[in-house]
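First up is the structure itself, then whatever we jot down about it.
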Amino acid sequence: MKKLFSIIIIGLVVIQGIFAITADEIIKKIEESENLSAIAEGRFEITDNLGTRVTTFKSYEAKNGDMMLEFTNPEERGQKILRLKNEIYLYFPDAVEVIHLQGDALKDRIVGSDFSYEDLRGGESLLDKYTATLDGEEVVDGEQCYKILLVEKKGAKDIIYPKQVIWVDKNLFAYRKGEFYSYSNRESSYTIVKNMAVLEIRQIKGKNIPFHIVMKDTMKTNSSTVFQLKDMKIDINIDPAIFSLEELTW
Amino acid sequence: MADKKRKPFILFRPFIFTGKWIAGVIYFWFVTILWEVIIRELILNKNHIRRFSLQLGLKNLFRYKKRTFITCIAIAVGIAIFIWTDAFIMGFEKDSDTNFILYETGSAQILDAKYVEEKDYLPLKYTIKTPDKLISFLKQNGIPATKRIVFGGEIFFRNGSKQATVYAIDPATNSDVFSLNTKKVLTETSVFIRAGMQETMIGEWLADDMGIHLGDTIDIRTRTRTGAFTTLTLNVTAIINTENPVINKAGIFVPYDVADEKLMMQGEATDVPVNLADWKKIEKETARVSSLIANDYPGLVVQSYIDLFGGGTIMESKRYVINVMLVLVFVIAAVGITNTMLMAVFERIKEIGMMRAMGMMDPGIRVTFLFEAGGIGVIGALIGLILGSLLNSYTYFIGIDFTGLMGRMEFGYRMLNIFRSTWNPQTMIIAFSVSILFAMIASFIPSSKALGMEVTDCLRYQ
């Protein structure tokens with residue numbers, strides 16, 4: 001009887017090992033669900049030493065990753081950001097010209113938020129830049145999550161955060177939480193610089209979309225950016241002309 | 001390299017801002033007067049009554065002492081203000097240059113040509129690959145140099161953060177170019193940063209703003225050369241108080257090797273500042289360094305402190321202000337002289353008629369008025385020189401303290417709140433000569449009016 005029990009236990013462990021999901025698979029699953037065409041409306045709530053201000057936007061995203069975001073609040077109305085593959089273009093209605101953001105200009109913050117234009121750059125999978133390791137499971141906001149460590153691959157380019165820790169909802173395969181690290185000259189080698197919390201995930205047409213995200217600069221006490229979607233339509237046809245430089249100036 | 005422009009003739013410089021055609025008109029007018037009146041009548045026509053004209057002009061000058069004095073004062077005040085303003089502007093420009101060179105840039109820098117195009121972003125990707133080799137080469141040629149990595153960063157301390165410019169300096173060679181490691185700069189008990197140590201020194205204003213003291217630990221967040229975030233945690237060993245407000249307000253210094261490792265610079269440098277002894281001939285000196293490195297270091301350029309200051313526009317604005325002032329001074333002088341001479345001419349029309357009836361030629365009479373006006377110009381300019389020099393002496397030796405007005409405000413020039421002037425003999429000579437010339441030119445119109453009348457009309461004039 002003892003022998004049979006041992007065999008069953010060993011068998012279960014082996015089966016679990018065979019069917020256990022890896023960190024790479026989790027990330028691929030998330031990235032697959034991010035691959036969609038969508039029109040969304042939302043807001044940024046930016047808090048810093050000067051107080052809190054709100055900017056609203058409307059965004060269009062194609063399945064190939066191209067994206068156009070237009071600000072709609074009175075202060076920034078008409079400003080547009082266009083992402084074509086890995087390139088970022090800006091349009092300012094007052095200047096009536098398109099700016100191709102390159103080099104160090106990409107480090108600038110988007111309308112003073114905790115997101116930079118670099119964060120908008122797409123094209124590559126996290127797995128191209130990072131080595132992902134599953135570091136167990138943890139409960140985040142009452143939800144069971146996979147904890148994944150992402151450490152930069154040697155020689156990888158355009159890395160902003162050399163290390164990331166992400167928590168992925170085990171059932172929804174969507175981000176629940178993230179920590180972003182910089183290099184450090186301390187013993188630990190890395191210092192946390194930003195953290196992200198996903199406060200709401202909505203399911204639209206079977207896809208799990210983060211609707212409410214809070215990004216915080218952990219080195220600052222009064223700094224946070226709330227990204228909140230009001231409405232989102234996915235898997236709809238969007239005129240490809242929207243994702244063009246010509247359209248940007250209209 | 002700044003473009004070498006041919007400087008216009010010294011007397012025309014005040015008019016340059018209004019366009020060359022105005023200078024041309026003035027030149028034509030001036031030469032005509034010079035030829036017609038002075039050269040033809042006094043030099044070519046030697047038999048003419050030259051001495052008489054001079055004596056009469058001087059006598060007329062002191063006929064109405066009060067009127068002459070008032071006109072002279074108008075000129076003097078204009079000249080004094082001009083001399084003093086020019087000396088003042090030159091003084092704080094000179095101090096600003098000195099503070100810019102000693103604490104911020106060196107007298108010139110060697111940089112990657114592409115770095116220059118994007119220098120506002122302080123990029124780390126365009127670098128000098130072998131700075132040590134370049135520094136040795138420069139030293140062999142008698143040019144002291146040092147290496148730096150200059151990058152933008154955000155400084156964090158307790159609950160506050162501020163943007164700052166971080167200078168990673170080589171403590172061993174920094175003093176060959178900069179004046180940071182001096183008792184005057186380092187506040188009490190400060191220790192200059194050491195190679196290999198996790199140390200930093202920061203500007204006094206920045207330290208005050210953030211409540212940082214010696215011995216505190218601060219974080220500097222920046223990006224590596226590849227763009228990844230990196231955080232340096234450093235111990236504050238020195239608080240510096242330079243005469244450069246930009247350094248005091250947002251300057252942080254760290255050891256070169258610490259930044260080199262954490263920013264992944266692999267021994268490269270963003271700039272190699274050099275110490276060129278003769279700042280006054282900076283363009284020539286910069287060209288010399290350029291030609292020295294041209295063969296072995298293609299792709300590198302030498303920028304003088306003037307190029308680095310981006311101060312072309314500031315200096316041009318300064319020149320514009322001076323030119324406008326100069327013209328205003330001349331307008332004041334011209335109005336005063338014209339008015340005085342107009343009065344002098346009209347009350348002496350009968351005398352003029354009498355002299356003409358007795359056979360004195362018109363040019364001789366005109367020269368009399370020219371001498372009188374020139375005399376007013378000389379006296380006015382002399383008083384102006386004395387007045388201007390007295391004013392300038394105060395601001396040169398004592399200076400004006402704007403601390404109460406400006407506090408720790410920064411306004412582009414690299415200097416603190418005590419403004420000191422300098423001596424500029426060139427401006428004094430120009431102001432002196434041009435005011436006399438203008439005085440003489442201003443007398444031309446009223447004397448022409450009298451000389452245009454018939455002799456009989458002059459004699460009958462009431």
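Residues in the structure tokens are named by chain (A, B, ... in the order shown) and by number from 1 within that chain; ligands are numbered from 1 in the order shown.
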Would you give me, as JSON lines, each residue of chain A having an atom within 6 Å of an atom of chain B, along with its shortest atom pair and that distance in Å to one decimal, using only C-alpha atoms and sorting by chain and residue number?
{"residue": "A:Ile159", "atom": "CA", "partner": "B:Ala228", "partner_atom": "CA", "distance": 5.4}
{"residue": "A:Ile160", "atom": "CA", "partner": "B:Ala228", "partner_atom": "CA", "distance": 4.0}
{"residue": "A:Tyr161", "atom": "CA", "partner": "B:Ala228", "partner_atom": "CA", "distance": 5.5}
{"residue": "A:Ser182", "atom": "CA", "partner": "B:Phe229", "partner_atom": "CA", "distance": 4.6}
{"residue": "A:Tyr183", "atom": "CA", "partner": "B:Thr230", "partner_atom": "CA", "distance": 4.2}
{"residue": "A:Ser184", "atom": "CA", "partner": "B:Thr231", "partner_atom": "CA", "distance": 4.8}
{"residue": "A:Asn185", "atom": "CA", "partner": "B:Leu232", "partner_atom": "CA", "distance": 5.6}
{"residue": "A:Thr221", "atom": "CA", "partner": "B:Asn159", "partner_atom": "CA", "distance": 5.9}
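For Ile101 (chain B), the non-local neighbours within 9 Å, defined as residues at least 3 positions apart in the same chain or in other chains and counting only C-alpha atoms, are Ser96, Asp97, Thr98, Glu104, Thr105, Gly106, Ser107, Ala108, Val177, Phe178, Asn275 and Tyr305 of chain B.
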Worksheet item: Near Asp24 (chain A), within 8 Å and counting only C-alpha atoms, which residues show up once chain neighbours fewer than 4 positions away are dropped, as a ChimeraX atom specification?
Response: /A:28,127,132-133
Practice prompt. Find the residues around region 128-130 of chain A up to 8 Å (only C-alpha atoms counted), leave out those fewer than 5 positions away in its own chain, and share them as a list in words.
Written response: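 Contacts, with the query itself left out: Leu150, Val151, Glu152, Lys153, Ala156, Lys157 and Ile159 of chain A.
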Worksheet entry | Of the listed residues A:Asp141, A:Asp94, A:Thr22, A:Ser33, that which approaches Gln203 (chain A) most closely, counting only C-alpha atoms |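 Among the listed residues, the smallest separation from Gln203 (chain A) belongs to A:Ser33.
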Worksheet item: If you run DSSP on this backbone, which residues of region 103-225 of chain B come out as helix (DSSP H, G or I), and could you give them as a count of residues only?
Response: 31
Practice prompt. Give me the residues within 7 Å of region 142-145 of chain B as a PyMOL selection string, counting only C-alpha atoms and dropping any in the same chain fewer than 5 places off.
Written response: chain B and resi 135+176-177+272-276
